[in-house]
$ cat run-v4.tsv   # TSV, C-alpha atoms
chain	number	residue	atom	x	y	z
D	1	MET	CA	-11.26	16.12	-16.74
D	2	THR	CA	-12.06	13.05	-14.69
D	3	PRO	CA	-15.19	13.47	-12.57
D	4	LEU	CA	-14.69	13.70	-8.83
D	5	ALA	CA	-15.98	10.14	-8.39
D	6	GLY	CA	-12.84	8.78	-10.08
D	7	TYR	CA	-10.57	10.29	-7.44
D	8	LEU	CA	-12.89	9.30	-4.61
D	9	LEU	CA	-13.03	5.68	-5.82
D	10	LEU	CA	-9.23	5.57	-6.26
D	11	SER	CA	-8.86	6.95	-2.75
D	12	ALA	CA	-11.37	4.44	-1.32
D	13	PHE	CA	-9.54	1.56	-3.03
D	14	LEU	CA	-6.17	2.77	-1.72
D	15	PHE	CA	-7.69	3.00	1.76
D	16	ALA	CA	-8.99	-0.58	1.39
D	17	ILE	CA	-5.54	-1.84	0.30
D	18	GLY	CA	-3.94	-0.16	3.32
D	19	LEU	CA	-6.62	-1.51	5.65
D	20	ALA	CA	-6.19	-5.03	4.26
D	21	GLY	CA	-2.43	-4.81	4.85
D	22	ALA	CA	-2.87	-3.48	8.39
D	23	LEU	CA	-5.43	-6.16	9.30
D	24	THR	CA	-3.98	-9.27	7.63
D	25	ARG	CA	-0.18	-9.00	7.71
D	26	ARG	CA	1.88	-10.25	10.65
D	27	ASN	CA	4.88	-7.94	10.39
D	28	ALA	CA	4.53	-4.70	12.34
D	29	ILE	CA	6.45	-2.70	9.72
D	30	ILE	CA	3.96	-3.72	7.02
D	31	VAL	CA	1.11	-2.79	9.36
D	32	LEU	CA	2.67	0.67	9.71
D	33	ILE	CA	3.06	0.94	5.91
D	34	GLY	CA	-0.65	0.08	5.59
D	35	ILE	CA	-1.53	2.88	8.01
D	36	GLU	CA	0.60	5.30	5.98
D	37	LEU	CA	-1.29	4.24	2.82
D	38	MET	CA	-4.62	4.94	4.56
D	39	LEU	CA	-3.42	8.42	5.60
D	40	ASN	CA	-2.35	9.07	2.01
D	41	ALA	CA	-5.77	8.01	0.74
D	42	ALA	CA	-7.34	10.63	3.03
D	43	ASN	CA	-4.90	13.25	1.70
D	44	LEU	CA	-5.88	12.40	-1.89
D	45	ASN	CA	-9.52	12.99	-0.92
D	46	PHE	CA	-8.68	16.40	0.56
D	47	ILE	CA	-6.83	17.49	-2.59
D	48	ALA	CA	-9.60	16.20	-4.88
D	49	PHE	CA	-12.31	17.99	-2.88
D	50	TRP	CA	-10.23	21.17	-2.83
D	51	ARG	CA	-9.73	21.07	-6.63
D	52	TYR	CA	-13.39	20.32	-7.38
D	53	GLY	CA	-14.78	22.46	-4.59
D	54	ALA	CA	-16.54	25.80	-4.89
D	55	ASN	CA	-13.81	28.04	-3.48
D	56	PRO	CA	-10.25	26.85	-4.28
D	57	GLU	CA	-8.76	30.26	-3.46
D	58	ALA	CA	-9.34	29.61	0.25
D	59	LEU	CA	-6.54	26.97	0.18
D	60	THR	CA	-8.29	24.98	2.94
D	61	GLY	CA	-7.67	21.56	1.36
D	62	ILE	CA	-4.00	22.28	0.67
D	63	MET	CA	-3.40	23.51	4.23
D	64	PHE	CA	-5.14	20.45	5.69
D	65	VAL	CA	-2.96	18.13	3.58
D	66	ILE	CA	0.25	19.95	4.57
D	67	PHE	CA	-0.60	19.56	8.24
D	68	ALA	CA	-1.70	15.94	7.72
D	69	ILE	CA	1.63	15.13	6.03
D	70	ALA	CA	3.48	16.62	9.01
D	71	VAL	CA	1.39	14.61	11.50
D	72	ALA	CA	1.90	11.43	9.41
D	73	ALA	CA	5.66	11.98	9.41
D	74	ALA	CA	5.65	12.31	13.20
D	75	GLU	CA	3.49	9.17	13.42
D	76	ALA	CA	5.90	7.20	11.21
D	77	ALA	CA	8.90	8.26	13.30
D	78	VAL	CA	7.29	7.30	16.62
D	79	GLY	CA	5.80	4.08	15.19
D	80	LEU	CA	9.11	2.84	13.78
D	81	ALA	CA	10.90	3.74	17.04
D	82	LEU	CA	8.30	1.65	18.90
D	83	ILE	CA	8.85	-1.26	16.48
D	84	ILE	CA	12.62	-1.08	17.06
D	85	ALA	CA	12.10	-1.01	20.83
D	86	ILE	CA	9.72	-4.01	20.62
D	87	TYR	CA	12.22	-5.88	18.46
D	88	ARG	CA	14.97	-5.27	21.01
D	89	HIS	CA	12.73	-6.59	23.78
D	90	TYR	CA	11.00	-9.57	22.11
D	91	LYS	CA	13.40	-10.32	19.20
D	92	THR	CA	10.42	-10.32	16.82
D	93	THR	CA	8.41	-7.83	14.80
D	94	ASN	CA	5.40	-10.10	14.27
D	95	VAL	CA	2.37	-8.52	15.92
D	96	ASP	CA	0.80	-11.88	16.86
D	97	GLU	CA	3.87	-12.97	18.83
D	98	VAL	CA	3.79	-9.87	21.05
D	99	ASN	CA	0.89	-11.18	23.13
D	100	ILE	CA	2.05	-10.87	26.75
D	101	LEU	CA	-1.03	-8.78	27.65
D	102	LYS	CA	-3.42	-11.31	26.08
D	103	GLY	CA	-5.92	-12.78	28.55
S	1	MET	CA	-11.84	9.37	-17.43
S	2	THR	CA	-8.68	10.70	-18.98
S	3	LEU	CA	-5.52	8.78	-19.90
S	4	PRO	CA	-3.15	10.49	-17.38
S	5	PHE	CA	-5.55	9.76	-14.52
S	6	ALA	CA	-5.85	6.10	-15.62
S	7	ILE	CA	-2.06	5.70	-15.74
S	8	ILE	CA	-1.63	7.32	-12.30
S	9	ALA	CA	-4.45	5.22	-10.80
S	10	VAL	CA	-3.02	1.95	-12.16
S	11	LEU	CA	0.46	2.90	-10.90
S	12	ILE	CA	-0.80	3.72	-7.39
S	13	VAL	CA	-3.02	0.63	-7.07
S	14	ALA	CA	-0.37	-1.77	-8.46
S	15	ALA	CA	2.41	-0.39	-6.25
S	16	ALA	CA	0.24	-0.35	-3.11
S	17	SER	CA	-1.00	-3.92	-3.74
S	18	ALA	CA	2.58	-5.08	-4.28
S	19	ALA	CA	3.67	-3.39	-1.04
S	20	MET	CA	0.96	-5.22	0.90
S	21	THR	CA	1.51	-8.69	-0.63
S	22	LEU	CA	5.27	-9.09	-1.23
S	23	ARG	CA	7.13	-11.45	1.13
S	24	ASN	CA	10.38	-9.53	1.29
S	25	LEU	CA	10.13	-6.39	3.44
S	26	VAL	CA	12.74	-4.49	1.41
S	27	HIS	CA	10.69	-5.08	-1.74
S	28	SER	CA	7.60	-3.85	0.14
S	29	ALA	CA	9.42	-0.68	1.18
S	30	LEU	CA	10.48	0.00	-2.41
S	31	ALA	CA	6.94	-0.66	-3.71
S	32	VAL	CA	5.44	1.73	-1.17
S	33	ALA	CA	7.94	4.40	-2.26
S	34	VAL	CA	6.58	3.97	-5.81
S	35	ALA	CA	3.02	4.29	-4.48
S	36	PHE	CA	3.95	7.53	-2.66
S	37	GLY	CA	5.50	8.80	-5.89
S	38	GLY	CA	2.30	7.97	-7.78
S	39	LEU	CA	0.29	9.95	-5.22
S	40	ALA	CA	2.65	12.89	-5.75
S	41	LEU	CA	1.89	12.64	-9.48
S	42	ALA	CA	-1.84	12.68	-8.69
S	43	TYR	CA	-1.39	15.87	-6.61
S	44	LEU	CA	0.59	17.51	-9.44
S	45	TYR	CA	-2.13	16.48	-11.89
S	46	LEU	CA	-4.70	18.14	-9.61
S	47	ASP	CA	-2.80	21.49	-9.76
S	48	ALA	CA	-1.47	21.16	-6.21
S	49	GLN	CA	2.22	21.59	-7.03
S	50	PHE	CA	3.37	22.51	-3.55
S	51	VAL	CA	1.68	19.50	-1.95
S	52	GLY	CA	3.02	17.19	-4.68
S	53	LEU	CA	6.59	18.28	-4.08
S	54	ALA	CA	6.12	18.15	-0.30
S	55	GLN	CA	4.82	14.60	-0.75
S	56	ILE	CA	7.98	13.61	-2.66
S	57	LEU	CA	10.20	15.33	-0.09
S	58	VAL	CA	8.51	13.89	3.01
S	59	TYR	CA	7.31	10.46	1.87
S	60	VAL	CA	9.69	9.31	-0.88
S	61	GLY	CA	12.59	11.13	0.74
S	62	ALA	CA	12.10	10.61	4.46
S	63	VAL	CA	9.40	8.07	5.37
S	64	ALA	CA	10.53	5.44	2.81
S	65	ILE	CA	14.15	5.75	4.03
S	66	LEU	CA	12.93	5.51	7.64
S	67	ILE	CA	11.06	2.29	6.79
S	68	VAL	CA	14.15	0.81	5.09
S	69	PHE	CA	16.22	1.64	8.19
S	70	ALA	CA	13.63	-0.02	10.44
S	71	VAL	CA	13.72	-3.13	8.21
S	72	LEU	CA	17.52	-3.22	8.46
S	73	LEU	CA	17.53	-2.68	12.24
S	74	THR	CA	14.99	-5.45	12.85
S	75	ARG	CA	16.57	-7.96	10.44
S	76	GLY	CA	13.21	-8.06	8.63
S	77	GLY	CA	14.93	-8.42	5.25
S	78	GLU	CA	15.17	-12.17	5.75
S	79	ALA	CA	12.12	-13.81	4.21
S	80	PRO	CA	9.99	-15.44	6.95
S	81	GLU	CA	9.60	-19.21	7.00
S	82	LYS	CA	6.05	-19.12	8.31
S	83	SER	CA	3.07	-17.45	6.64
S	84	ILE	CA	3.26	-13.69	6.19
S	85	PHE	CA	-0.44	-13.34	6.96
S	86	SER	CA	-1.89	-13.48	10.46
S	87	ALA	CA	-4.18	-16.29	11.62
S	88	THR	CA	-7.23	-14.01	11.47
S	89	TRP	CA	-6.58	-12.85	7.89
S	90	PHE	CA	-10.05	-13.96	6.75
S	91	TRP	CA	-11.82	-11.56	9.12
S	92	GLY	CA	-9.45	-8.76	8.18
S	93	LEU	CA	-10.24	-9.30	4.51
S	94	LEU	CA	-13.98	-9.43	5.25
S	95	ILE	CA	-13.82	-6.12	7.14
S	96	THR	CA	-11.82	-4.59	4.29
S	97	VAL	CA	-14.36	-5.67	1.66
S	98	ALA	CA	-17.21	-4.31	3.80
S	99	VAL	CA	-15.43	-0.97	4.28
S	100	PHE	CA	-14.67	-0.63	0.57
S	101	ALA	CA	-18.22	-1.58	-0.41
S	102	THR	CA	-19.62	1.05	1.96
S	103	LEU	CA	-17.26	3.77	0.72
S	104	ALA	CA	-17.86	2.91	-2.95
S	105	TRP	CA	-21.64	2.86	-2.45
S	106	CYS	CA	-21.52	6.29	-0.78
S	107	VAL	CA	-19.31	7.73	-3.54
S	108	MET	CA	-21.52	6.39	-6.33
S	109	HIS	CA	-24.71	7.70	-4.74
S	110	SER	CA	-23.38	11.12	-3.77
S	111	PHE	CA	-24.51	14.15	-5.73
S	112	ALA	CA	-21.03	15.64	-5.26
S	113	SER	CA	-19.39	12.89	-7.35
S	114	LYS	CA	-20.63	14.39	-10.59
S	115	ARG	CA	-19.04	17.78	-9.96
S	116	GLU	CA	-16.84	19.22	-12.64
S	117	PRO	CA	-13.72	21.08	-11.47
S	118	ALA	CA	-13.39	24.82	-11.34
S	119	ASP	CA	-11.34	26.47	-14.06
S	120	LYS	CA	-7.58	26.19	-13.80
S	121	VAL	CA	-6.51	27.31	-10.34
S	122	GLU	CA	-3.14	28.91	-9.86
S	123	VAL	CA	-1.76	28.54	-6.36
S	124	THR	CA	1.66	30.07	-5.88
S	125	VAL	CA	4.03	29.23	-3.06
S	126	LYS	CA	3.76	32.89	-2.01
S	127	GLN	CA	0.01	32.50	-1.43
S	128	ILE	CA	0.59	29.36	0.64
S	129	GLY	CA	3.30	31.10	2.66
S	130	ASP	CA	1.05	34.12	3.25
S	131	ALA	CA	-1.77	31.87	4.43
S	132	LEU	CA	0.58	29.90	6.71
S	133	MET	CA	1.84	33.09	8.31
S	134	THR	CA	-1.56	34.75	8.77
S	135	LYS	CA	-4.68	32.59	8.85
S	136	PHE	CA	-3.00	29.27	9.75
S	137	VAL	CA	-0.23	30.51	12.04
S	138	LEU	CA	-1.59	28.78	15.15
S	139	PRO	CA	-1.81	25.30	13.53
S	140	LEU	CA	1.71	25.87	12.15
S	141	GLU	CA	3.07	26.52	15.66
S	142	VAL	CA	1.21	23.50	17.04
S	143	ILE	CA	2.68	21.31	14.24
S	144	GLY	CA	6.17	22.59	15.09
S	145	LEU	CA	5.66	21.66	18.73
S	146	LEU	CA	4.21	18.26	17.76
S	147	LEU	CA	7.15	17.44	15.46
S	148	THR	CA	9.67	18.42	18.14
S	149	ALA	CA	7.90	16.32	20.77
S	150	ALA	CA	7.53	13.36	18.37
S	151	LEU	CA	11.19	13.39	17.34
S	152	ILE	CA	12.45	13.64	20.94
S	153	GLY	CA	10.01	10.87	21.91
S	154	ALA	CA	11.13	8.66	19.00
S	155	VAL	CA	14.80	9.07	19.98
S	156	ILE	CA	14.07	8.28	23.65
S	157	ILE	CA	11.95	5.21	22.78
S	158	ALA	CA	14.53	3.81	20.36
S	159	MET	CA	17.49	4.57	22.63
S	160	ARG	CA	19.31	1.52	23.96
S	161	GLU	CA	18.36	0.87	27.59
S	162	GLU	CA	21.12	1.25	30.18
S	163	LYS	CA	22.30	-2.02	31.66
S	164	LYS	CA	21.55	-2.03	35.37
$ encode --input "run-v4.tsv" --output "structure tokens"
Amino acid sequence: MTPLAGYLLLSAFLFAIGLAGALTRRNAIIVLIGIELMLNAANLNFIAFWRYGANPEALTGIMFVIFAIAVAAAEAAVGLALIIAIYRHYKTTNVDEVNILKG
Amino acid sequence: MTLPFAIIAVLIVAAASAAMTLRNLVHSALAVAVAFGGLALAYLYLDAQFVGLAQILVYVGAVAILIVFAVLLTRGGEAPEKSIFSATWFWGLLITVAVFATLAWCVMHSFASKREPADKVEVTVKQIGDALMTKFVLPLEVIGLLLTAALIGAVIIAMREEKK
């Protein structure tokens, strides 16, 4: 089997890809996709730690991931609704053009 | 490192990178669906069958479709004329590299990284259901309330405003 470090590095790299997308892209939908990728990287860590941990019968990692998936789904629904509302108001989904609060 | 893990890792990283760099938003949405599918494979490979199938159901089935609908509703499918990256992309990339370097350094220097897995674990859906109904019943109720509130909120936010 792959040592735990393999999964942790894969998860860290996936988190970095998501963070890069969220920080460098202009489109709000891509920013949201980047956030989803970061949440998924955290879930991969939970599953890897659960599988390699001392007491897998406790199911703690699996339960945490199930609840995290539910929270991420709620986050995606609200986030995309916000993007649609912003598009209706500003006729754009680029995050740097929605700058009415900028000082 | 084993061959299945290498294939899954390459699939996830390639699909996620494509999702973050492609110009066309529809292509990005499809690439991210592939990345979610790759993560489901990783969960299945780690003996977490229930989570793997839940991942396919929720992410590939629901979240990817939701993203495609948002792209359609915001006319994002048209390729933008201007740059797809924001003006401050350099700082974003710098922060990303710093974060990844920190995480990778921590992982490589952690004593936990060298752990070998326990013997094959069998987790049945019955066990998960039992745990959800006994030990984790309060979080389950809270999640139900949260999902209801989030869906009602999403509908209200996205609802067309009444003309005054």
$ interface_residues --input "run-v4.tsv" --of "chain D" --to "chain S" --cutoff "7 Å" --atoms "all atoms listed in the file" --output "count of residues only"
37
$ closest_residue --input "run-v4.tsv" --among "D:Ala54, D:Ile33, D:Val95, D:Ala48" --to "Val26 in chain S" --atoms "only C-alpha atoms"
D:Ile33
$ atom_distance --input "run-v4.tsv" --atom1 "CA of Asn94 in chain D" --atom2 "CA of Gly61 in chain S"
26.2 Å
$ atom_distance --input "run-v4.tsv" --atom1 "CA of Glu97 in chain D" --atom2 "CA of Ala22 in chain D"
15.6 Å
$ atom_distance --input "run-v4.tsv" --atom1 "CA of Ile7 in chain S" --atom2 "CA of Val65 in chain D"
23.0 Å
$ residues_near_point --input "run-v4.tsv" --point "(4.4, -9.6, 18.6)" --cutoff "10 Å" --atoms "all atoms listed in the file" --output "list of chain:residue names"
D:Arg26, D:Asn27, D:Ala28, D:Ile83, D:Ile86, D:Tyr87, D:Tyr90, D:Lys91, D:Thr92, D:Thr93, D:Asn94, D:Val95, D:Asp96, D:Glu97, D:Val98, D:Asn99, D:Ile100
$ write_last_selection --input "run-v4.tsv" --atoms "C-alpha atoms" --output "PDB file, in the coordinates of the input"
ATOM      1  CA  ARG D  26       1.880 -10.250  10.650  1.00  0.00           C
ATOM      2  CA  ASN D  27       4.880  -7.940  10.390  1.00  0.00           C
ATOM      3  CA  ALA D  28       4.530  -4.700  12.340  1.00  0.00           C
ATOM      4  CA  ILE D  83       8.850  -1.260  16.480  1.00  0.00           C
ATOM      5  CA  ILE D  86       9.720  -4.010  20.620  1.00  0.00           C
ATOM      6  CA  TYR D  87      12.220  -5.880  18.460  1.00  0.00           C
ATOM      7  CA  TYR D  90      11.000  -9.570  22.110  1.00  0.00           C
ATOM      8  CA  LYS D  91      13.400 -10.320  19.200  1.00  0.00           C
ATOM      9  CA  THR D  92      10.420 -10.320  16.820  1.00  0.00           C
ATOM     10  CA  THR D  93       8.410  -7.830  14.800  1.00  0.00           C
ATOM     11  CA  ASN D  94       5.400 -10.100  14.270  1.00  0.00           C
ATOM     12  CA  VAL D  95       2.370  -8.520  15.920  1.00  0.00           C
ATOM     13  CA  ASP D  96       0.800 -11.880  16.860  1.00  0.00           C
ATOM     14  CA  GLU D  97       3.870 -12.970  18.830  1.00  0.00           C
ATOM     15  CA  VAL D  98       3.790  -9.870  21.050  1.00  0.00           C
ATOM     16  CA  ASN D  99       0.890 -11.180  23.130  1.00  0.00           C
ATOM     17  CA  ILE D 100       2.050 -10.870  26.750  1.00  0.00           C
TER      18      ILE D 100
END
$ closest_residue --input "run-v4.tsv" --among "D:Gly6, D:Gly18, D:Gly61, D:Gly53" --to "Leu37 in chain D" --atoms "all atoms listed in the file"
D:Gly18
$ closest_residue --input "run-v4.tsv" --among "D:Ala68, D:Ile29, D:Leu59, D:Ala42" --to "Tyr7 in chain D" --atoms "all atoms listed in the file"
D:Ala42
$ closest_residue --input "run-v4.tsv" --among "S:Leu57, S:Leu145, S:Val125, S:Met133" --to "Ala33 in chain S" --atoms "all atoms listed in the file"
S:Leu57
$ decode --input "run-v4.tsv" --residues "range 14-25 of chain D" --atoms "N, CA, C and O atoms" --output "PDB file, in the first residue's frame"
ATOM      1  N   LEU D  14      -3.876  19.125  -4.434  1.00  0.00           N
ATOM      2  CA  LEU D  14      -5.234  19.451  -4.879  1.00  0.00           C
ATOM      3  C   LEU D  14      -5.704  20.745  -4.211  1.00  0.00           C
ATOM      4  O   LEU D  14      -6.321  21.605  -4.856  1.00  0.00           O
ATOM      5  N   PHE D  15      -5.389  20.890  -2.916  1.00  0.00           N
ATOM      6  CA  PHE D  15      -5.744  22.121  -2.204  1.00  0.00           C
ATOM      7  C   PHE D  15      -5.069  23.320  -2.865  1.00  0.00           C
ATOM      8  O   PHE D  15      -5.685  24.369  -3.059  1.00  0.00           O
ATOM      9  N   ALA D  16      -3.772  23.145  -3.253  1.00  0.00           N
ATOM     10  CA  ALA D  16      -3.041  24.257  -3.875  1.00  0.00           C
ATOM     11  C   ALA D  16      -3.650  24.616  -5.228  1.00  0.00           C
ATOM     12  O   ALA D  16      -3.768  25.804  -5.565  1.00  0.00           O
ATOM     13  N   ILE D  17      -4.067  23.593  -6.002  1.00  0.00           N
ATOM     14  CA  ILE D  17      -4.703  23.878  -7.302  1.00  0.00           C
ATOM     15  C   ILE D  17      -5.983  24.675  -7.084  1.00  0.00           C
ATOM     16  O   ILE D  17      -6.236  25.688  -7.748  1.00  0.00           O
ATOM     17  N   GLY D  18      -6.807  24.231  -6.115  1.00  0.00           N
ATOM     18  CA  GLY D  18      -8.050  24.941  -5.839  1.00  0.00           C
ATOM     19  C   GLY D  18      -7.796  26.357  -5.363  1.00  0.00           C
ATOM     20  O   GLY D  18      -8.471  27.300  -5.785  1.00  0.00           O
ATOM     21  N   LEU D  19      -6.780  26.514  -4.500  1.00  0.00           N
ATOM     22  CA  LEU D  19      -6.456  27.855  -3.990  1.00  0.00           C
ATOM     23  C   LEU D  19      -5.980  28.755  -5.124  1.00  0.00           C
ATOM     24  O   LEU D  19      -6.370  29.928  -5.204  1.00  0.00           O
ATOM     25  N   ALA D  20      -5.149  28.206  -6.021  1.00  0.00           N
ATOM     26  CA  ALA D  20      -4.670  29.005  -7.156  1.00  0.00           C
ATOM     27  C   ALA D  20      -5.843  29.455  -8.013  1.00  0.00           C
ATOM     28  O   ALA D  20      -5.914  30.626  -8.426  1.00  0.00           O
ATOM     29  N   GLY D  21      -6.805  28.543  -8.262  1.00  0.00           N
ATOM     30  CA  GLY D  21      -7.965  28.924  -9.056  1.00  0.00           C
ATOM     31  C   GLY D  21      -8.776  30.000  -8.366  1.00  0.00           C
ATOM     32  O   GLY D  21      -9.218  30.965  -8.996  1.00  0.00           O
ATOM     33  N   ALA D  22      -8.985  29.846  -7.048  1.00  0.00           N
ATOM     34  CA  ALA D  22      -9.809  30.812  -6.322  1.00  0.00           C
ATOM     35  C   ALA D  22      -9.140  32.173  -6.263  1.00  0.00           C
ATOM     36  O   ALA D  22      -9.814  33.198  -6.248  1.00  0.00           O
ATOM     37  N   LEU D  23      -7.792  32.197  -6.231  1.00  0.00           N
ATOM     38  CA  LEU D  23      -7.100  33.483  -6.056  1.00  0.00           C
ATOM     39  C   LEU D  23      -6.776  34.172  -7.374  1.00  0.00           C
ATOM     40  O   LEU D  23      -6.604  35.392  -7.398  1.00  0.00           O
ATOM     41  N   THR D  24      -6.637  33.415  -8.483  1.00  0.00           N
ATOM     42  CA  THR D  24      -6.146  34.054  -9.705  1.00  0.00           C
ATOM     43  C   THR D  24      -7.206  34.206 -10.784  1.00  0.00           C
ATOM     44  O   THR D  24      -7.018  35.026 -11.680  1.00  0.00           O
ATOM     45  N   ARG D  25      -8.289  33.436 -10.756  1.00  0.00           N
ATOM     46  CA  ARG D  25      -9.264  33.551 -11.838  1.00  0.00           C
ATOM     47  C   ARG D  25     -10.213  34.713 -11.595  1.00  0.00           C
ATOM     48  O   ARG D  25     -10.437  35.121 -10.448  1.00  0.00           O
TER      49      ARG D  25
END
